[in-house]
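> To start, I am sharing the structure in question, which I have written as structure tokens.
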Amino acid sequence: MQDAREHAQRVTLAQVADRAGVSLKTASRALGGEQYVSHETLTKVLAAANALGYRRNAAASLLASGHLAESIGLIAGDFTNPFYSALAQSVEEDIRRQGMHLSVATSWESAEQERRIIDDLASRQAKALVVVSAMSDHADYAQVQARGVPVVFVDRPAVGLDADSVVFDNRMGGRLAARHLLGLGHTRIAFVGDYAWLPTYRERLEGMAAVLDEAASSWRNLLRDDAHDVASSRALTRELVALREPPTAIVAGNNRILLGVLEELSTTSTDDAPAVIGIDEPEWARVMGITTVAGDVEAAGHHAARLALARLADRTRPVEHVVLPMRLTPRRSTARRASDSESPRAE
């Protein structure tokens with residue numbers, strides 16, 4: 001191991017340039033993440049650096065290339081959701097220590113809007129992008145990477161692209177919610193989920209299905225999706241509680257959905273109110289005693305910042321995928337066990 005480190009330290013940028021067949025300045029620009037380096041040249045330089053085991057000094061590279069005075073762009077879905085504001089704050093904390101600032105933009109879950117934001121941030125010469133993407137395929141980001149701009153995907157993984165990522169174990173989250181409710185005697189368990197195309201929604205659904213398909217097979221009749229905001233969540237919750245056999249428990253797929261579920265339930269009788277679990281954890285969930293299943297959003301932001309800075313310092317480092325666990329925090333909203341009979345509502 002020591003020999004390998006010493007070898008990497010001995011390899012010079014000039015050797016990389018010579019092996020790639022480019023000038024020393026071009027090799028420096030390619031490995032320094034500068035824009036306007038062609039994809040072909042970048043590929044040759046990275047291949048040469050990998051073959052020789054070349055590693056840049058992170059601090060020296062950032063200082064020399066001027067990255068410490070630049071910005072990192074954050075593209076997120078909807079900043080009315082506290083998940084995104086917490087993510088932005090933790091990313092900013094880390095990059096500020098390196099003399100950088102954060103530029104934020106929201107796609108409103110629109111792939112077309114996201115593409116426009118990418119172009120805008122690139123024109124402003126953002127040095128890296130941290131993205132909670134609304135796209136189903138991320139091949140477009142290859143052009144961003146070829147221009148020397150690292151891209152880190154958060155919460156939703158990259159599809160069709162090799163890129164660093166930080167995601168949560170959403171299947172674990174679905175399993176935790178389902179097991180908790182089953183343990184309290186619930187079998188009529190509803191899931192009010194996010195947009196059906198979102199990977200986070202699909203993974204949470206898979207986790208719940210792994211637990212409930214055998215133990216409470218009728219739960220899929222209580223599955224609702226495409227509830228991304230408060231209004232749609234309220235409408236679907238109203239539909240669920242009006243059923244002849246309403247759910248005795250509801251899992252809300254994100255913070256905004258949880259708020260809609262709770263607002264709608266506040267208008268109904270509390271005597272037979274369903275138990276509620278929220279996925280993600282807004283601060284007010286603790287005050288209201290809402291059971292939640294959540295990952296550490298601040299940790300995700302710190303990992304994203306670390307990956308972006310590391311990629312700026314060393315374009316040749318292996319792609320890294322971070323998977324963060326989720327945990328269940330039980331509170332009052334699931335303190336009451338389901339009734340033994342779970343009898344249908346009288347008509």
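Chain identifiers are assigned as A, B, and so on, following the order in which chains appear in the structure tokens; residues are numbered from 1 within each chain, and ligands are numbered from 1 in order of appearance.
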Contacts of Asp119 in chain A at 12 Å or less, counting only C-alpha atoms, minus same-chain residues fewer than 2 places along, as a list in words?
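Returned residues: Gly73, Ile75, Glu112, Gln113, Glu114, Arg115, Arg116, Ile117, Leu121, Ala122, Ser123, Arg124, Gln125, Ala126, Leu129, Asp140, Tyr141, Gln143, Val144, Arg147 and Val149 of chain A.
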> Restricting the output to N, CA, C and O atoms, write the selected residues as a compact mmCIF listing (two decimals), in the first residue's frame.

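Output contents, as saved in selection18.txt:
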```txt
# COMPACT_ATOMS: atom_id res chain seq x y z
N GLY A 73 -23.84 24.57 -7.82
CA GLY A 73 -25.27 24.72 -8.03
C GLY A 73 -26.05 23.56 -7.43
O GLY A 73 -25.62 22.41 -7.52
N ILE A 75 -29.82 21.87 -7.62
CA ILE A 75 -31.13 21.80 -8.29
C ILE A 75 -32.01 20.85 -7.49
O ILE A 75 -31.66 19.68 -7.29
N GLU A 112 -38.12 19.45 -18.16
CA GLU A 112 -37.77 20.55 -19.06
C GLU A 112 -37.21 21.73 -18.29
O GLU A 112 -36.25 22.38 -18.72
N GLN A 113 -37.82 22.04 -17.14
CA GLN A 113 -37.30 23.13 -16.31
C GLN A 113 -35.89 22.79 -15.82
O GLN A 113 -35.01 23.66 -15.76
N GLU A 114 -35.67 21.54 -15.48
CA GLU A 114 -34.35 21.12 -15.02
C GLU A 114 -33.30 21.34 -16.11
O GLU A 114 -32.18 21.80 -15.84
N ARG A 115 -33.66 21.02 -17.35
CA ARG A 115 -32.72 21.22 -18.46
C ARG A 115 -32.37 22.70 -18.62
O ARG A 115 -31.22 23.06 -18.89
N ARG A 116 -33.37 23.57 -18.45
CA ARG A 116 -33.10 25.00 -18.56
C ARG A 116 -32.18 25.48 -17.43
O ARG A 116 -31.30 26.31 -17.66
N ILE A 117 -32.40 24.93 -16.25
CA ILE A 117 -31.56 25.31 -15.11
C ILE A 117 -30.12 24.85 -15.33
O ILE A 117 -29.16 25.58 -15.01
N LEU A 121 -27.02 27.40 -15.11
CA LEU A 121 -25.91 27.25 -14.17
C LEU A 121 -24.59 27.06 -14.90
O LEU A 121 -23.54 27.55 -14.47
N ALA A 122 -24.63 26.33 -16.02
CA ALA A 122 -23.40 26.14 -16.80
C ALA A 122 -22.92 27.46 -17.38
O ALA A 122 -21.71 27.75 -17.39
N SER A 123 -23.86 28.30 -17.83
CA SER A 123 -23.48 29.60 -18.38
C SER A 123 -22.90 30.51 -17.31
O SER A 123 -22.10 31.40 -17.61
N ARG A 124 -23.33 30.28 -16.08
CA ARG A 124 -22.78 31.05 -14.96
C ARG A 124 -21.50 30.42 -14.42
O ARG A 124 -20.96 30.87 -13.43
N GLN A 125 -21.05 29.36 -15.08
CA GLN A 125 -19.81 28.66 -14.76
C GLN A 125 -19.80 28.09 -13.35
O GLN A 125 -18.81 28.19 -12.62
N ALA A 126 -20.93 27.50 -12.96
CA ALA A 126 -20.94 26.73 -11.71
C ALA A 126 -19.91 25.61 -11.84
O ALA A 126 -19.82 24.96 -12.88
N LEU A 129 -22.45 20.49 -9.83
CA LEU A 129 -23.89 20.47 -9.62
C LEU A 129 -24.26 19.37 -8.63
O LEU A 129 -23.77 18.25 -8.73
N ASP A 140 -28.30 13.32 -20.62
CA ASP A 140 -27.99 14.71 -20.93
C ASP A 140 -26.85 15.25 -20.06
O ASP A 140 -26.11 16.15 -20.47
N TYR A 141 -26.73 14.71 -18.86
CA TYR A 141 -25.70 15.21 -17.95
C TYR A 141 -24.29 14.79 -18.38
O TYR A 141 -23.31 15.33 -17.86
N GLN A 143 -22.94 15.52 -21.12
CA GLN A 143 -22.38 16.72 -21.73
C GLN A 143 -21.86 17.68 -20.66
O GLN A 143 -20.85 18.35 -20.86
N VAL A 144 -22.56 17.75 -19.54
CA VAL A 144 -22.11 18.59 -18.43
C VAL A 144 -20.79 18.06 -17.88
O VAL A 144 -19.84 18.82 -17.65
N ARG A 147 -17.77 18.77 -19.97
CA ARG A 147 -17.29 20.16 -19.87
C ARG A 147 -16.51 20.38 -18.58
O ARG A 147 -16.11 21.50 -18.28
N VAL A 149 -17.64 19.65 -15.43
CA VAL A 149 -18.49 20.01 -14.30
C VAL A 149 -18.97 18.72 -13.62
O VAL A 149 -19.81 18.01 -14.16
```
> Quick one: residues within 8 Å of Ser103 in chain A, only C-alpha atoms, excluding same-chain residues fewer than 3 positions away - as a tab-separated table (two decimals) with C-alpha atoms, in the first residue's frame?

```
chain	number	residue	atom	x	y	z
A	71	SER	CA	-20.02	28.31	-6.74
A	72	ILE	CA	-21.73	24.95	-6.68
A	73	GLY	CA	-25.27	24.72	-8.03
A	74	LEU	CA	-28.07	22.84	-6.26
```
> Pick from A:Thr316, A:Ser333, A:Ser233, A:Gln89: nearest to Pro274 in chain A, with only C-alpha atoms counted?
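Closest to Pro274 in chain A of all the choices is A:Ser333.
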> Can you work out the spacing between CA of Gly207 in chain A and CA of Ala242 in chain A in Å, to one decimal?
26.7 Å
> Using only C-alpha atoms, find each residue of range 93-186 of chain A with at least one atom at most 12 Å away from an atom of range 289-292 of chain A; report its shortest atom-to-atom pair and that distance in Å (one decimal), sort the rows by chain and rising residue number, and return the result as CSV.

```
residue,atom,partner,partner_atom,distance
A:Gly173,CA,A:Thr292,CA,9.6
A:Gly174,CA,A:Thr292,CA,11.1
A:Leu176,CA,A:Thr292,CA,9.8
A:Ala177,CA,A:Thr292,CA,8.2
A:Ala178,CA,A:Thr292,CA,11.9
A:His180,CA,A:Thr291,CA,10.0
A:Leu181,CA,A:Thr291,CA,10.7
```
> Could you go through range 80-300 of chain A and tell me which residues DSSP, when run on the backbone, assigns to strand (DSSP E), listing them as an MDAnalysis selection string?
chainID A and resid 101:106 128:131 151:154 164:168 189:192 223:224 249:252 275:279 291:294
> How about saving the chosen residues, N, CA and C atoms kept, as an mmCIF file, in the first residue's frame?

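The resulting file, again02.cif, is shown below:
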```cif
data_model
loop_
_atom_site.group_PDB
_atom_site.id
_atom_site.type_symbol
_atom_site.label_atom_id
_atom_site.label_comp_id
_atom_site.auth_asym_id
_atom_site.auth_seq_id
_atom_site.Cartn_x
_atom_site.Cartn_y
_atom_site.Cartn_z
ATOM 1 N N HIS A 101 -19.633 29.336 -2.640
ATOM 2 C CA HIS A 101 -21.012 29.633 -2.275
ATOM 3 C C HIS A 101 -21.963 28.739 -3.058
ATOM 4 N N LEU A 102 -23.205 28.675 -2.586
ATOM 5 C CA LEU A 102 -24.203 27.777 -3.172
ATOM 6 C C LEU A 102 -25.226 28.578 -3.960
ATOM 7 N N SER A 103 -25.487 28.145 -5.200
ATOM 8 C CA SER A 103 -26.565 28.699 -6.014
ATOM 9 C C SER A 103 -27.686 27.667 -6.065
ATOM 10 N N VAL A 104 -28.906 28.076 -5.723
ATOM 11 C CA VAL A 104 -30.004 27.116 -5.646
ATOM 12 C C VAL A 104 -31.066 27.445 -6.688
ATOM 13 N N ALA A 105 -31.720 26.403 -7.175
ATOM 14 C CA ALA A 105 -32.809 26.559 -8.146
ATOM 15 C C ALA A 105 -33.761 25.389 -7.978
ATOM 16 N N THR A 106 -35.027 25.605 -8.301
ATOM 17 C CA THR A 106 -36.019 24.539 -8.198
ATOM 18 C C THR A 106 -36.557 24.188 -9.572
ATOM 19 N N ALA A 128 -19.675 22.786 -10.045
ATOM 20 C CA ALA A 128 -20.225 21.445 -9.827
ATOM 21 C C ALA A 128 -21.723 21.580 -9.614
ATOM 22 N N LEU A 129 -22.450 20.487 -9.829
ATOM 23 C CA LEU A 129 -23.890 20.466 -9.616
ATOM 24 C C LEU A 129 -24.258 19.371 -8.634
ATOM 25 N N VAL A 130 -25.123 19.700 -7.686
ATOM 26 C CA VAL A 130 -25.750 18.727 -6.796
ATOM 27 C C VAL A 130 -27.221 18.706 -7.182
ATOM 28 N N VAL A 131 -27.754 17.533 -7.542
ATOM 29 C CA VAL A 131 -29.055 17.470 -8.210
ATOM 30 C C VAL A 131 -29.992 16.464 -7.535
ATOM 31 N N VAL A 151 -21.110 16.174 -11.372
ATOM 32 C CA VAL A 151 -22.519 16.121 -11.008
ATOM 33 C C VAL A 151 -22.697 15.068 -9.914
ATOM 34 N N VAL A 152 -23.326 15.463 -8.816
ATOM 35 C CA VAL A 152 -23.630 14.549 -7.712
ATOM 36 C C VAL A 152 -25.143 14.453 -7.582
ATOM 37 N N PHE A 153 -25.685 13.237 -7.653
ATOM 38 C CA PHE A 153 -27.126 13.025 -7.538
ATOM 39 C C PHE A 153 -27.475 12.682 -6.087
ATOM 40 N N VAL A 154 -28.519 13.325 -5.587
ATOM 41 C CA VAL A 154 -28.948 13.130 -4.202
ATOM 42 C C VAL A 154 -30.402 12.685 -4.181
ATOM 43 N N ASP A 164 -21.407 10.217 -9.180
ATOM 44 C CA ASP A 164 -21.482 10.062 -7.731
ATOM 45 C C ASP A 164 -22.927 10.263 -7.269
ATOM 46 N N SER A 165 -23.313 9.574 -6.198
ATOM 47 C CA SER A 165 -24.684 9.704 -5.719
ATOM 48 C C SER A 165 -24.762 9.481 -4.217
ATOM 49 N N VAL A 166 -25.792 10.074 -3.621
ATOM 50 C CA VAL A 166 -26.127 9.871 -2.208
ATOM 51 C C VAL A 166 -27.630 9.611 -2.153
ATOM 52 N N VAL A 167 -28.016 8.433 -1.726
ATOM 53 C CA VAL A 167 -29.433 8.077 -1.667
ATOM 54 C C VAL A 167 -29.747 7.445 -0.319
ATOM 55 N N PHE A 168 -31.035 7.328 -0.038
ATOM 56 C CA PHE A 168 -31.496 6.658 1.181
ATOM 57 C C PHE A 168 -31.967 5.245 0.849
ATOM 58 N N ILE A 189 -53.990 -0.980 5.874
ATOM 59 C CA ILE A 189 -52.930 0.032 5.873
ATOM 60 C C ILE A 189 -52.903 0.725 4.515
ATOM 61 N N ALA A 190 -53.120 2.023 4.510
ATOM 62 C CA ALA A 190 -53.098 2.806 3.277
ATOM 63 C C ALA A 190 -51.716 3.439 3.088
ATOM 64 N N PHE A 191 -51.366 3.636 1.832
ATOM 65 C CA PHE A 191 -50.139 4.354 1.498
ATOM 66 C C PHE A 191 -50.519 5.466 0.528
ATOM 67 N N VAL A 192 -50.384 6.716 0.965
ATOM 68 C CA VAL A 192 -50.604 7.864 0.099
ATOM 69 C C VAL A 192 -49.229 8.279 -0.411
ATOM 70 N N LEU A 223 -53.997 1.682 -1.694
ATOM 71 C CA LEU A 223 -52.827 2.366 -2.227
ATOM 72 C C LEU A 223 -53.262 3.523 -3.122
ATOM 73 N N ARG A 224 -52.725 4.720 -2.849
ATOM 74 C CA ARG A 224 -53.004 5.903 -3.666
ATOM 75 C C ARG A 224 -51.671 6.577 -3.987
ATOM 76 N N ALA A 249 -54.762 2.710 9.384
ATOM 77 C CA ALA A 249 -53.457 3.369 9.429
ATOM 78 C C ALA A 249 -53.134 3.926 8.049
ATOM 79 N N ILE A 250 -52.449 5.060 8.029
ATOM 80 C CA ILE A 250 -52.045 5.698 6.770
ATOM 81 C C ILE A 250 -50.555 6.008 6.826
ATOM 82 N N VAL A 251 -49.851 5.629 5.774
ATOM 83 C CA VAL A 251 -48.452 6.010 5.601
ATOM 84 C C VAL A 251 -48.416 7.130 4.573
ATOM 85 N N ALA A 252 -47.843 8.273 4.948
ATOM 86 C CA ALA A 252 -47.743 9.432 4.064
ATOM 87 C C ALA A 252 -46.357 9.457 3.427
ATOM 88 N N ALA A 275 -54.150 5.605 12.527
ATOM 89 C CA ALA A 275 -52.758 5.869 12.894
ATOM 90 C C ALA A 275 -52.058 6.466 11.672
ATOM 91 N N VAL A 276 -51.023 7.273 11.922
ATOM 92 C CA VAL A 276 -50.333 7.952 10.822
ATOM 93 C C VAL A 276 -48.822 7.814 10.983
ATOM 94 N N ILE A 277 -48.168 7.465 9.884
ATOM 95 C CA ILE A 277 -46.704 7.483 9.810
ATOM 96 C C ILE A 277 -46.307 8.381 8.642
ATOM 97 N N GLY A 278 -45.367 9.270 8.876
ATOM 98 C CA GLY A 278 -44.840 10.109 7.812
ATOM 99 C C GLY A 278 -43.461 9.636 7.395
ATOM 100 N N ILE A 279 -43.212 9.602 6.091
ATOM 101 C CA ILE A 279 -41.864 9.324 5.595
ATOM 102 C C ILE A 279 -41.188 10.673 5.361
ATOM 103 N N THR A 291 -45.300 9.796 14.277
ATOM 104 C CA THR A 291 -44.314 8.752 14.007
ATOM 105 C C THR A 291 -43.753 8.947 12.607
ATOM 106 N N THR A 292 -42.438 8.846 12.491
ATOM 107 C CA THR A 292 -41.808 9.064 11.187
ATOM 108 C C THR A 292 -40.805 7.965 10.862
ATOM 109 N N VAL A 293 -40.567 7.802 9.573
ATOM 110 C CA VAL A 293 -39.473 6.987 9.043
ATOM 111 C C VAL A 293 -38.630 7.931 8.198
ATOM 112 N N ALA A 294 -37.378 8.095 8.545
ATOM 113 C CA ALA A 294 -36.585 9.109 7.859
ATOM 114 C C ALA A 294 -35.112 8.756 7.844
#
```
> CA of Asp155 in chain A to CA of Ser133 in chain A: how many Å, to one decimal?
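Here the two named atoms are 8.5 Å from each other.
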> Would you compute the distance between CA of Asp225 in chain A and CA of Asp194 in chain A? Give it in Å to one decimal.
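Computed distance, CA of Asp225 in chain A to CA of Asp194 in chain A, equals 5.5 Å.
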> Which of these residues is nearest to Asp169 in chain A, using only C-alpha atoms: A:Arg234, A:His186, A:His302, A:Arg204?
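That would be A:Arg204, the residue with the smallest distance to Asp169 in chain A.
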> Between A:Val323, A:Ala215, A:Leu205, A:Leu258, which residue has the minimum interatomic distance to Val230 in chain A, considering only C-alpha atoms?
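Result for the nearest residue to Val230 in chain A: A:Leu258.
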> Can you pull out every residue within 9 Å of Arg19 in chain A, counting only C-alpha atoms, but drop anything in the same chain fewer than 6 positions away, and send it as a list in words?
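Using only C-alpha atoms, the neighbours found are Lys44, Val45, Ala48, Ala49 and Leu52 of chain A.
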> What would the file look like if the residues just selected were written as a PDB file, in the first residue's frame with C-alpha atoms?

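To be explicit, this is the file written out as out.pdb:
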```pdb
ATOM      1  CA  LYS A  44      -7.781  10.477 -23.222  1.00  0.00           C
ATOM      2  CA  VAL A  45      -6.398  12.468 -20.286  1.00  0.00           C
ATOM      3  CA  ALA A  48      -3.804   8.247 -19.046  1.00  0.00           C
ATOM      4  CA  ALA A  49      -4.139   9.447 -15.452  1.00  0.00           C
ATOM      5  CA  LEU A  52      -0.394   5.865 -14.473  1.00  0.00           C
TER       6      LEU A  52
END
```
> Please determine, counting only C-alpha atoms, which residue among A:Asp272, A:Glu203, A:Glu245, A:Glu109 has the shortest atom-to-atom distance to Thr187 in chain A.
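Using only C-alpha atoms, Thr187 in chain A sits closest to A:Glu245.
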> For Ala163 in chain A, which residue among A:His138, A:Arg29, A:Lys127, A:Arg220 is the nearest when counting only C-alpha atoms?
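Of the candidates, the smallest distance to Ala163 in chain A is held by A:His138.
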> For each of A:Ser217, A:Thr26, A:Thr237, A:Ser85, take the minimum atom-to-atom distance to Leu46 in chain A, counting only C-alpha atoms, then give the residue where this is smallest.
A:Thr26
> Among the residues of range 89-297 of chain A, find those DSSP assigns to alpha helix (DSSP H) from the backbone and print them as number ranges by chain.
A: 89-96, 111-123, 141-146, 170-183, 199-215, 230-241, 255-265, 283-288, 297
